[in-house]
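Asker: What follows is coords.tsv, TSV, C-alpha atoms.
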```
chain	number	residue	atom	x	y	z
A	19	MET	CA	-7.61	29.06	-4.92
A	20	GLN	CA	-6.15	32.54	-5.32
A	21	GLY	CA	-9.11	33.89	-3.36
A	22	LEU	CA	-8.75	31.33	-0.57
A	23	LEU	CA	-5.05	32.12	-0.29
A	24	SER	CA	-5.63	35.87	-0.42
A	25	PRO	CA	-5.96	38.16	2.64
A	26	VAL	CA	-9.62	39.03	1.95
A	27	GLU	CA	-11.63	39.27	5.16
A	28	ARG	CA	-14.31	36.70	4.28
A	29	LYS	CA	-13.90	33.84	1.80
A	30	ASN	CA	-17.49	33.97	0.52
A	31	GLY	CA	-18.69	34.16	-3.10
A	32	TRP	CA	-18.51	37.93	-3.47
A	33	GLN	CA	-15.05	38.37	-1.97
A	34	LEU	CA	-13.61	35.30	-3.72
A	35	ALA	CA	-14.91	36.74	-7.00
A	36	GLU	CA	-13.42	40.16	-6.30
A	37	ALA	CA	-10.07	38.58	-5.40
A	38	SER	CA	-9.95	36.91	-8.81
A	39	GLY	CA	-11.04	40.05	-10.71
A	40	GLU	CA	-14.67	39.06	-11.34
A	41	ALA	CA	-17.42	41.69	-11.26
A	42	THR	CA	-20.05	39.31	-9.86
A	43	PRO	CA	-20.04	36.10	-7.77
A	44	TYR	CA	-21.90	34.14	-10.46
A	45	GLY	CA	-18.78	32.36	-11.73
A	46	VAL	CA	-17.80	31.27	-8.22
A	47	GLN	CA	-21.35	30.09	-7.55
A	48	GLN	CA	-21.41	28.17	-10.82
A	49	PHE	CA	-18.09	26.55	-9.90
A	50	LEU	CA	-19.26	25.48	-6.43
A	51	TYR	CA	-22.81	24.42	-7.34
A	52	ARG	CA	-23.28	23.35	-10.95
A	53	ALA	CA	-19.95	22.93	-12.78
A	54	VAL	CA	-18.97	19.33	-13.58
A	55	TRP	CA	-16.04	18.30	-11.39
A	56	HIS	CA	-15.59	15.81	-8.59
A	57	ALA	CA	-14.59	16.96	-5.12
A	58	ASP	CA	-13.51	13.44	-4.14
A	59	ALA	CA	-11.07	13.34	-7.09
A	60	VAL	CA	-9.54	16.63	-5.91
A	61	ARG	CA	-9.40	15.21	-2.36
A	62	ASP	CA	-7.42	12.26	-3.75
A	63	ASP	CA	-5.12	14.72	-5.54
A	64	VAL	CA	-4.53	16.59	-2.27
A	65	ARG	CA	-3.71	13.30	-0.56
A	66	ALA	CA	-1.25	12.31	-3.32
A	67	TYR	CA	0.41	15.74	-3.08
A	68	VAL	CA	0.74	15.44	0.70
A	69	MET	CA	2.16	11.91	0.42
A	70	GLU	CA	4.72	13.05	-2.13
A	71	HIS	CA	5.97	16.15	-0.36
A	72	LEU	CA	4.98	15.87	3.30
A	73	GLY	CA	4.64	12.11	3.82
A	74	ASP	CA	6.28	10.59	6.88
A	75	ASP	CA	6.39	6.95	8.00
A	76	GLU	CA	6.17	8.20	11.62
A	77	ALA	CA	3.06	10.31	10.96
A	78	VAL	CA	-0.04	10.28	13.15
A	79	LEU	CA	-3.55	10.16	11.69
A	80	ILE	CA	-6.05	12.11	13.80
A	81	VAL	CA	-9.84	11.85	13.67
A	82	ASP	CA	-11.92	14.71	15.04
A	83	GLU	CA	-14.91	16.90	14.26
A	84	THR	CA	-15.62	20.61	14.09
A	85	GLY	CA	-18.79	22.66	13.94
A	86	PHE	CA	-19.86	25.27	11.39
A	87	LEU	CA	-22.35	27.73	12.87
A	88	LYS	CA	-25.22	28.48	10.49
A	89	LYS	CA	-28.49	30.38	10.44
A	90	GLY	CA	-31.77	28.94	9.18
A	91	THR	CA	-32.80	25.40	8.32
A	92	HIS	CA	-31.73	25.09	4.68
A	93	PRO	CA	-27.96	24.29	4.72
A	94	ALA	CA	-27.39	20.56	4.26
A	95	GLY	CA	-27.29	18.71	7.58
A	96	VAL	CA	-27.84	21.77	9.76
A	97	LYS	CA	-29.66	21.38	13.09
A	98	CYS	CA	-29.46	22.44	16.74
A	99	GLN	CA	-26.78	20.11	18.08
A	100	SER	CA	-23.78	20.03	20.36
A	101	SER	CA	-20.85	21.92	18.90
A	102	GLY	CA	-17.42	21.65	20.45
A	103	THR	CA	-16.46	24.73	18.45
A	104	ALA	CA	-19.10	26.84	20.21
A	105	GLY	CA	-18.92	24.89	23.48
A	106	ARG	CA	-22.70	24.56	23.59
A	107	ILE	CA	-25.74	23.46	21.57
A	108	GLU	CA	-26.00	25.64	18.47
A	109	ASN	CA	-27.60	25.61	15.03
A	110	CYS	CA	-24.74	24.21	13.01
A	111	GLN	CA	-23.33	21.69	10.60
A	112	ILE	CA	-20.81	19.12	11.84
A	113	GLY	CA	-17.88	17.97	9.74
A	114	VAL	CA	-15.68	14.98	10.62
A	115	PHE	CA	-12.08	15.38	9.46
A	116	LEU	CA	-8.97	13.25	9.16
A	117	GLY	CA	-5.81	15.09	10.14
A	118	TYR	CA	-2.25	14.12	9.22
A	119	ALA	CA	0.45	15.19	11.68
A	120	THR	CA	4.10	14.94	10.66
A	121	SER	CA	7.38	16.50	11.65
A	122	LYS	CA	6.90	18.87	8.67
A	123	GLY	CA	3.44	20.14	9.60
A	124	HIS	CA	-0.23	19.31	10.11
A	125	ILE	CA	-2.71	18.84	7.26
A	126	LEU	CA	-6.42	18.08	6.86
A	127	LEU	CA	-6.40	15.01	4.64
A	128	ASP	CA	-10.10	14.09	4.34
A	129	ARG	CA	-13.55	15.39	5.31
A	130	ALA	CA	-17.14	14.22	5.72
A	131	LEU	CA	-20.34	16.15	6.46
A	132	VAL	CA	-22.59	14.55	9.09
A	133	LEU	CA	-26.16	13.92	7.89
A	134	PRO	CA	-28.38	13.75	11.02
A	135	GLU	CA	-31.00	11.01	11.31
A	136	ASP	CA	-33.94	13.41	11.04
A	137	TRP	CA	-32.51	14.77	7.80
A	138	ALA	CA	-32.01	11.28	6.36
A	139	ALA	CA	-35.63	10.43	7.16
A	140	ASP	CA	-36.90	13.46	5.17
A	141	ARG	CA	-35.90	12.77	1.57
A	142	ALA	CA	-37.76	15.82	0.24
A	143	ARG	CA	-35.69	18.05	2.49
A	144	CYS	CA	-32.55	16.20	1.42
A	145	ARG	CA	-33.30	16.71	-2.27
A	146	ALA	CA	-33.90	20.41	-1.69
A	147	ALA	CA	-30.39	20.62	-0.20
A	148	GLY	CA	-28.87	18.65	-3.07
A	149	ILE	CA	-28.25	15.50	-1.01
A	150	PRO	CA	-28.29	12.41	-3.28
A	151	ASP	CA	-30.91	9.78	-2.50
A	152	GLU	CA	-28.25	7.15	-1.82
A	153	ILE	CA	-26.75	9.18	1.05
A	154	GLU	CA	-27.97	7.86	4.40
A	155	HIS	CA	-27.25	8.72	8.02
A	156	VAL	CA	-23.80	7.50	9.06
A	157	THR	CA	-22.49	7.90	12.60
A	158	LYS	CA	-19.41	10.02	13.27
A	159	PRO	CA	-17.26	6.99	14.22
A	160	ASN	CA	-18.25	5.22	11.00
A	161	LEU	CA	-17.43	8.33	8.94
A	162	ALA	CA	-14.02	8.41	10.64
A	163	TRP	CA	-13.51	4.71	9.92
A	164	GLN	CA	-14.34	5.24	6.24
A	165	MET	CA	-11.72	8.00	6.01
A	166	LEU	CA	-9.12	5.86	7.78
A	167	LYS	CA	-9.80	3.01	5.37
A	168	ARG	CA	-9.40	5.35	2.39
A	169	ALA	CA	-6.03	6.47	3.76
A	170	VAL	CA	-4.86	2.86	4.20
A	171	GLU	CA	-6.09	1.84	0.74
A	172	ALA	CA	-4.16	4.80	-0.73
A	173	HIS	CA	-1.00	3.65	1.12
A	174	VAL	CA	-0.67	6.87	3.12
A	175	PRO	CA	2.45	6.44	5.29
A	176	PHE	CA	1.69	6.58	9.02
A	177	ARG	CA	2.49	4.74	12.24
A	178	TRP	CA	-0.22	5.87	14.68
A	179	VAL	CA	-3.89	6.84	14.96
A	180	THR	CA	-5.31	9.03	17.70
A	181	GLY	CA	-8.63	10.72	18.43
A	182	ASP	CA	-11.27	11.61	21.01
A	183	SER	CA	-13.37	9.15	22.99
A	184	ILE	CA	-16.31	9.22	20.56
A	185	TYR	CA	-13.97	7.41	18.14
A	186	GLY	CA	-11.98	5.45	20.74
A	187	ASP	CA	-15.17	3.96	22.21
A	188	TYR	CA	-15.96	2.50	18.78
A	189	ARG	CA	-14.21	-0.86	19.14
A	190	ARG	CA	-14.47	-1.74	15.47
A	191	ILE	CA	-11.88	0.95	14.71
A	192	ARG	CA	-9.52	-0.39	17.38
A	193	LEU	CA	-9.84	-4.01	16.28
A	194	TRP	CA	-9.45	-3.04	12.62
A	195	LEU	CA	-6.22	-1.15	13.40
A	196	GLU	CA	-4.92	-4.14	15.35
A	197	GLY	CA	-5.53	-6.33	12.32
A	198	LEU	CA	-3.37	-4.14	10.04
A	199	PRO	CA	-1.42	-3.79	12.46
A	200	LYS	CA	-1.09	-0.06	13.19
A	201	GLY	CA	-0.55	1.56	16.56
A	202	TYR	CA	-3.20	3.69	18.24
A	203	VAL	CA	-3.68	5.89	21.27
A	204	LEU	CA	-7.43	6.54	21.28
A	205	ALA	CA	-9.23	8.28	24.14
A	206	VAL	CA	-11.99	6.24	25.79
A	207	SER	CA	-14.81	7.35	28.06
A	208	ALA	CA	-15.43	6.15	31.61
A	209	LYS	CA	-18.28	3.94	30.37
A	210	GLU	CA	-16.07	1.95	27.96
A	211	TYR	CA	-14.83	-1.54	28.89
A	212	VAL	CA	-11.32	-2.96	28.43
A	213	PRO	CA	-10.10	-6.58	28.87
A	214	ILE	CA	-8.02	-7.45	31.93
A	215	GLY	CA	-7.55	-11.12	32.76
A	216	TRP	CA	-10.77	-13.09	32.38
A	217	LYS	CA	-13.20	-10.16	32.44
A	218	GLN	CA	-14.11	-6.84	30.87
A	219	CYS	CA	-13.42	-3.95	33.25
A	220	ARG	CA	-15.20	-0.60	33.15
A	221	VAL	CA	-12.74	2.24	32.58
A	222	GLY	CA	-14.46	4.43	35.17
A	223	ASP	CA	-13.98	1.75	37.84
A	224	LEU	CA	-10.29	1.39	36.95
A	225	LEU	CA	-9.79	5.15	37.24
A	226	ALA	CA	-11.48	5.22	40.64
A	227	GLY	CA	-9.11	2.55	41.98
A	228	LEU	CA	-5.80	4.08	40.89
A	229	PRO	CA	-3.16	4.78	43.56
A	230	THR	CA	-2.10	8.33	44.33
A	231	GLU	CA	1.61	7.46	44.03
A	232	GLY	CA	3.73	6.01	41.24
A	233	TRP	CA	2.85	8.49	38.47
A	234	THR	CA	5.34	9.84	35.92
A	235	ARG	CA	5.36	13.53	35.00
A	236	LEU	CA	5.75	14.01	31.24
A	237	SER	CA	4.97	16.70	28.69
A	238	ALA	CA	2.46	15.84	25.96
A	239	GLY	CA	4.07	18.42	23.68
A	240	HIS	CA	4.15	22.18	23.42
A	241	GLY	CA	1.00	24.29	23.58
A	242	ALA	CA	0.30	28.02	23.50
A	243	GLN	CA	1.53	28.30	27.11
A	244	GLY	CA	4.58	26.07	26.66
A	245	PRO	CA	4.99	22.37	27.53
A	246	ARG	CA	1.75	20.58	28.48
A	247	TRP	CA	2.77	18.81	31.68
A	248	TYR	CA	0.60	16.04	33.14
A	249	ASP	CA	1.09	13.03	35.41
A	250	TRP	CA	0.79	9.67	33.62
A	251	CYS	CA	0.52	5.97	34.31
A	252	ARG	CA	-0.44	2.94	32.24
A	253	ILE	CA	-2.19	-0.32	32.99
A	254	SER	CA	-1.42	-3.49	31.05
A	255	LEU	CA	-4.40	-5.03	29.26
A	256	ASN	CA	-4.84	-8.46	27.70
A	257	ASP	CA	-2.42	-9.13	24.86
A	258	PRO	CA	-3.86	-8.75	21.34
A	259	LEU	CA	-3.86	-11.51	18.73
A	260	GLN	CA	-0.94	-9.85	16.94
A	261	PRO	CA	2.36	-11.31	18.20
A	262	GLY	CA	4.92	-8.73	19.25
A	263	TRP	CA	2.29	-6.15	20.22
A	264	ASN	CA	0.79	-5.04	23.55
A	265	ARG	CA	-2.30	-3.22	24.80
A	266	TRP	CA	-2.38	-0.67	27.60
A	267	LEU	CA	-4.76	1.78	29.22
A	268	LEU	CA	-2.93	5.13	29.38
A	269	VAL	CA	-4.17	7.46	32.14
A	270	ARG	CA	-3.56	11.21	32.28
A	271	ARG	CA	-3.90	13.17	35.55
A	272	ARG	CA	-4.08	16.95	35.68
A	273	ARG	CA	-1.41	18.40	37.95
A	274	SER	CA	-3.68	21.12	39.35
A	275	ASP	CA	-6.53	18.70	40.04
A	276	PRO	CA	-5.55	15.07	40.78
A	277	THR	CA	-9.21	14.02	40.48
A	278	ASP	CA	-9.28	15.11	36.82
A	279	LEU	CA	-8.42	11.88	34.98
A	280	ALA	CA	-8.63	10.91	31.31
A	281	ALA	CA	-7.91	7.52	29.73
A	282	SER	CA	-6.78	6.24	26.33
A	283	ALA	CA	-6.75	2.71	24.95
A	284	CYS	CA	-3.33	1.94	23.41
A	285	PHE	CA	-1.99	-0.63	20.99
A	286	ALA	CA	1.72	-0.59	20.23
A	287	PRO	CA	4.76	-2.82	19.65
A	288	GLU	CA	6.24	-4.59	22.68
A	289	GLY	CA	8.71	-2.41	24.52
A	290	THR	CA	7.07	0.88	23.52
A	291	ALA	CA	8.04	3.49	26.12
A	292	LEU	CA	5.49	5.40	28.16
A	293	ASP	CA	6.88	8.65	26.78
A	294	THR	CA	6.15	7.51	23.22
A	295	LEU	CA	2.49	6.86	24.03
A	296	VAL	CA	2.27	10.26	25.74
A	297	GLN	CA	3.70	12.00	22.67
A	298	VAL	CA	1.18	10.28	20.40
A	299	ALA	CA	-1.67	11.25	22.73
A	300	GLY	CA	-0.42	14.83	22.59
A	301	ARG	CA	-0.59	14.89	18.79
A	302	CYS	CA	-4.38	14.89	19.07
A	303	TRP	CA	-4.15	18.65	19.61
A	304	ALA	CA	-2.56	19.07	16.18
A	305	ILE	CA	-5.91	18.79	14.44
A	306	GLU	CA	-7.22	21.68	16.54
A	307	ALA	CA	-4.36	23.74	15.13
A	308	CYS	CA	-5.39	22.58	11.65
A	309	PHE	CA	-8.96	23.74	12.22
A	310	GLU	CA	-7.77	27.10	13.54
A	311	GLN	CA	-5.43	27.63	10.60
A	312	ALA	CA	-7.87	26.41	7.95
A	313	LYS	CA	-10.68	28.58	9.30
A	314	GLY	CA	-8.56	31.63	9.95
A	315	GLU	CA	-6.28	31.53	6.89
A	316	VAL	CA	-8.16	29.83	4.04
A	317	GLY	CA	-11.83	30.25	5.02
A	318	LEU	CA	-12.82	26.67	5.83
A	319	ASN	CA	-15.85	27.94	7.75
A	320	GLN	CA	-16.58	31.09	5.72
A	321	TYR	CA	-18.65	29.54	2.96
A	322	ALA	CA	-22.13	30.73	2.02
A	323	VAL	CA	-23.10	27.54	0.15
A	324	ARG	CA	-26.12	25.57	1.31
A	325	SER	CA	-25.97	22.42	-0.80
A	326	TRP	CA	-24.32	19.10	-0.02
A	327	THR	CA	-22.17	19.37	-3.14
A	328	GLY	CA	-21.21	22.97	-2.34
A	329	TRP	CA	-20.04	22.03	1.16
A	330	TYR	CA	-17.83	19.21	-0.11
A	331	ARG	CA	-16.36	21.38	-2.86
A	332	HIS	CA	-15.59	24.33	-0.62
A	333	SER	CA	-14.14	22.21	2.20
A	334	THR	CA	-12.00	20.23	-0.26
A	335	LEU	CA	-10.56	23.38	-1.81
A	336	ALA	CA	-9.90	24.80	1.67
A	337	CYS	CA	-8.01	21.57	2.54
A	338	LEU	CA	-6.01	22.01	-0.68
A	339	ALA	CA	-5.16	25.63	0.16
A	340	HIS	CA	-4.20	24.65	3.71
A	341	ALA	CA	-1.94	21.84	2.40
A	342	PHE	CA	-0.27	24.35	0.09
A	343	LEU	CA	0.45	26.75	2.96
A	344	THR	CA	1.72	23.87	5.11
A	345	GLY	CA	4.13	22.94	2.32
A	346	MET	CA	5.36	26.51	2.11
A	347	ARG	CA	5.99	26.52	5.86
A	348	ALA	CA	7.84	23.20	5.54
A	349	GLN	CA	10.07	24.75	2.89
A	350	ALA	CA	10.70	27.85	5.01
A	351	ASN	CA	11.77	25.68	7.97
A	352	GLN	CA	14.33	23.69	5.96
A	353	PRO	CA	17.88	24.66	4.96
A	354	ALA	CA	18.03	25.93	1.37
A	355	ALA	CA	19.95	22.84	0.20
A	356	GLN	CA	17.08	20.58	1.28
A	357	THR	CA	14.18	22.34	-0.46
A	358	GLY	CA	14.89	21.33	-4.05
A	359	GLY	CA	12.34	18.51	-3.95
A	360	LEU	CA	9.45	20.71	-2.85
A	361	PRO	CA	7.36	22.59	-5.43
A	362	PHE	CA	7.76	25.95	-3.66
A	363	HIS	CA	10.46	28.13	-5.13
A	364	SER	CA	9.12	31.69	-5.13
A	365	ALA	CA	6.53	34.02	-3.69
A	366	PRO	CA	2.95	32.70	-3.19
A	367	THR	CA	1.64	33.77	-6.62
A	368	GLY	CA	4.47	32.02	-8.47
A	369	SER	CA	4.22	29.04	-6.16
A	370	LEU	CA	0.53	28.63	-6.94
A	371	ALA	CA	1.29	28.56	-10.64
A	372	THR	CA	4.02	25.96	-10.06
A	373	PHE	CA	1.68	23.92	-7.90
A	374	LYS	CA	-1.08	23.97	-10.52
A	375	ALA	CA	1.33	22.97	-13.26
A	376	GLN	CA	2.74	20.04	-11.27
A	377	ARG	CA	-0.72	18.75	-10.35
A	378	GLY	CA	-2.01	19.08	-13.89
A	379	LEU	CA	-4.39	21.93	-13.02
A	380	SER	CA	-5.06	24.59	-15.64
A	381	SER	CA	-6.25	28.13	-15.15
A	382	PRO	CA	-9.81	29.01	-16.33
```
Translate this structure into structure tokens?
Answerer:
Amino acid sequence: MQGLLSPVERKNGWQLAEASGEATPYGVQQFLYRAVWHADAVRDDVRAYVMEHLGDDEAVLIVDETGFLKKGTHPAGVKCQSSGTAGRIENCQIGVFLGYATSKGHILLDRALVLPEDWAADRARCRAAGIPDEIEHVTKPNLAWQMLKRAVEAHVPFRWVTGDSIYGDYRRIRLWLEGLPKGYVLAVSAKEYVPIGWKQCRVGDLLAGLPTEGWTRLSAGHGAQGPRWYDWCRISLNDPLQPGWNRWLLVRRRRSDPTDLAASACFAPEGTALDTLVQVAGRCWAIEACFEQAKGEVGLNQYAVRSWTGWYRHSTLACLAHAFLTGMRAQANQPAAQTGGLPFHSAPTGSLATFKAQRGLSSP
């Protein structure tokens, strides 16, 4: 943890060892590969910490994926596949993550490594990469659904769920959220269908038939260049089974190119304002900020491990380090009288010791 939070250039075994005063990386390698500890238990500890100190009933859960560029064929789950991180097909691993966006900051709450179908079919290759025999191929939307269910079972406070169309097109997630009920603003592709009246309508056909007038200009939040202004409209869909709730199709139009349209399926309480749906849609960008921070500040993508276990351990510890920094930022942004409940009372080194003590973590 001290190494991940340190300013070393690369958070690999050698530099993490040097940051903690070790002469060789063998201790770090032992810790990530062979030592007996459970990454999922630490993930649950991170979640409990976030709930206690950064939890917010108005929070938005965000599902998204990121790529980890790799060389060779040995790292668990690696293959030539589309990577949004690289913007092209690259040899990489893909991780699906659950983000947690609150007024106090943005955190990576959960993670899952994608095991491609060709990997799952080659058990000898899986065993060589340390992948347990019981691990099978699971689609990205199903991995996201599993993480969402874990968050709900742990009583994580939140009001909304958002994500890209690969997750919004998966209707089981939408119907499951409606059954809770929890609001969502999930992007959907042009090929997806939504219910209007007595039939299912293709989203692409609805977008093609929209009028040129009657749009509302709203900001989806602040970006690197300032407010993200778009034109918006929404179409009422069939009412859900939940009384007091409505469905809509939210459509975003780029100001510089009126033909550039994007749609999101929405589920929210009756009377929800258009601006509220737009703000939730805009929170989807928060997880991109999480990825940038976690990769740039705590080495989420700088691991040299190849095994399944090593990936989960490194990514979990990076999520822990990122949550710690997010908490420190939350403290810094509050008046001094309001920071007494947060476990951050000194410089980073002292804060880490306080954090470890409060979470029951001991030094080696």
Asker: So which residues touch Pro213 (chain A) within 9 Å, counting only C-alpha atoms, skipping near sequence neighbours fewer than 5 positions away, as a list in words?
Answerer: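 These residues fall inside the cut-off: Gln218, Cys219, Arg220, Leu255 and Asn256 of chain A.
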Asker: Taking only residues of region 289-332 of chain A that have an atom at most 12 Å from an atom of region 80-83 of chain A, what is each one's shortest atom pair and its distance in Å to one decimal, using all atoms listed in the file, in chain and number order, as CSV?
Answerer:
```
residue,atom,partner,partner_atom,distance
A:Val298,CA,A:Ile80,CA,10.0
A:Ala299,CA,A:Ile80,CA,10.0
A:Gly300,CA,A:Ile80,CA,10.8
A:Arg301,CA,A:Ile80,CA,7.9
A:Cys302,CA,A:Ile80,CA,6.2
A:Trp303,CA,A:Ile80,CA,9.0
A:Ala304,CA,A:Ile80,CA,8.1
A:Ile305,CA,A:Ile80,CA,6.7
A:Glu306,CA,A:Asp82,CA,8.5
A:Ala307,CA,A:Asp82,CA,11.8
A:Cys308,CA,A:Ile80,CA,10.7
A:Phe309,CA,A:Glu83,CA,9.3
```
Asker: Determine, counting all atoms listed in the file, which protein, DNA and RNA residues have an atom within 12 Å of an atom of Gly90 (chain A); residues of the same chain fewer than 2 positions away are not included. Present the result as a ChimeraX atom specification.
Answerer: /A:87-88,92-98,108-111,324
Asker: Just how far from CA of Val269 (chain A) is CA of Pro245 (chain A), in Å to one decimal?
Answerer: 18.1 Å
Asker: Out of A:Glu40, A:Asp140, A:Glu70, A:Asp275, which residue has the shortest atom-to-atom distance to Tyr248 (chain A) when counting only C-alpha atoms?
Answerer: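 Checking each candidate against Tyr248 (chain A), we get A:Asp275 as the closest.
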Asker: Rank A:His56, A:Gly181, A:Val68, A:Val316 by their smallest atom-to-atom distance to Val114 (chain A), using only C-alpha atoms, and report the top residue only.
Answerer: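 Between A:His56, A:Gly181, A:Val68, A:Val316, the residue approaching Val114 (chain A) most closely is A:Gly181.
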Asker: Can you find the residues with an atom no farther than 6 Å from (-22.5, 18.0, 8.6), counting all atoms listed in the file, and report them as a list in words?
Answerer: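 Selection result: Gly95, Gln111, Ile112, Gly113, Leu131, Val132 and Leu133 of chain A.
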Asker: Kindly give the distance, in Å, that separates CA of His155 (chain A) and CA of Ser101 (chain A), rounded to a single decimal.
Answerer: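 If I compute the distance from CA of His155 (chain A) to CA of Ser101 (chain A), I get 18.3 Å.
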Asker: Can you work out the spacing between CA of Tyr67 (chain A) and CA of Leu161 (chain A) in Å, to one decimal?
Answerer: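 Atom-to-atom, CA of Tyr67 (chain A) and CA of Leu161 (chain A) are spaced 22.8 Å apart.
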Asker: Quick one: residues within 12 Å of Ile184 (chain A), all atoms listed in the file, excluding same-chain residues fewer than 5 positions away - as a list in words?
Answerer: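 Counting only the stated atoms, we get Val81, Asp82, Glu83, Val114, Thr157, Lys158, Pro159, Asn160, Leu161, Ala162, Trp163, Arg189, Ile191, Leu204, Ala205, Val206, Ser207, Ala208, Lys209, Glu210 and Ser282 of chain A.
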Asker: Nearest to Leu338 (chain A) among A:Arg129, A:Lys167, A:Arg141, A:Lys200, with distances taken over only C-alpha atoms: which residue is it?
Answerer: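 Once distances to Leu338 (chain A) are computed over only C-alpha atoms, the minimum belongs to A:Arg129.
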Asker: Could you check the closest approach to Leu236 (chain A) for each of A:Trp250, A:Gln33, A:Arg61, A:Ile107 and tell me which residue wins, using only C-alpha atoms?
Answerer: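 That would be A:Trp250, the residue with the smallest distance to Leu236 (chain A).
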Asker: Find, counting all atoms listed in the file, the residue in A:Pro134, A:Ala283, A:Pro258, A:Ser333 that gets nearest to Asp187 (chain A).
Answerer: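 Closest to Asp187 (chain A) of all the choices is A:Ala283.
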Asker: Under the rule that all atoms listed in the file are counted, which of A:Lys122, A:Val60, A:Glu27, A:Arg273 is the nearest residue to Gln349 (chain A)?
Answerer: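 Counting all atoms listed in the file, the residue closest to Gln349 (chain A) is A:Lys122.
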Asker: (-14.2, 26.7, 19.8) in this file's frame - what residues fall within 10 Å of it? Use all atoms listed in the file and give the answer as a ChimeraX atom specification.
Answerer: /A:84-85,101-106,306,309-310
Asker: With all atoms listed in the file as the counted atoms, please give the residues lying no more than 12 Å from Pro175 (chain A), apart from itself and same-chain residues fewer than 5 positions off, as a PyMOL selection string.
Answerer: chain A and resi 65-66+68-79+118-120+166+169-170+200
Asker: So that I can check the surroundings of Leu228 (chain A), please list as a list in words every protein, DNA and RNA residue that reaches within 12 Å of it, counting all atoms listed in the file and ignoring chain neighbours fewer than 4 positions away.
Answerer: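 Once the nearby chain positions are removed, what remains is Val221, Gly222, Asp223, Leu224, Gly232, Trp233, Trp250, Cys251, Arg252, Ile253, Leu267, Leu268, Val269, Arg270, Arg271, Pro276, Thr277, Leu279 and Ala281 of chain A.
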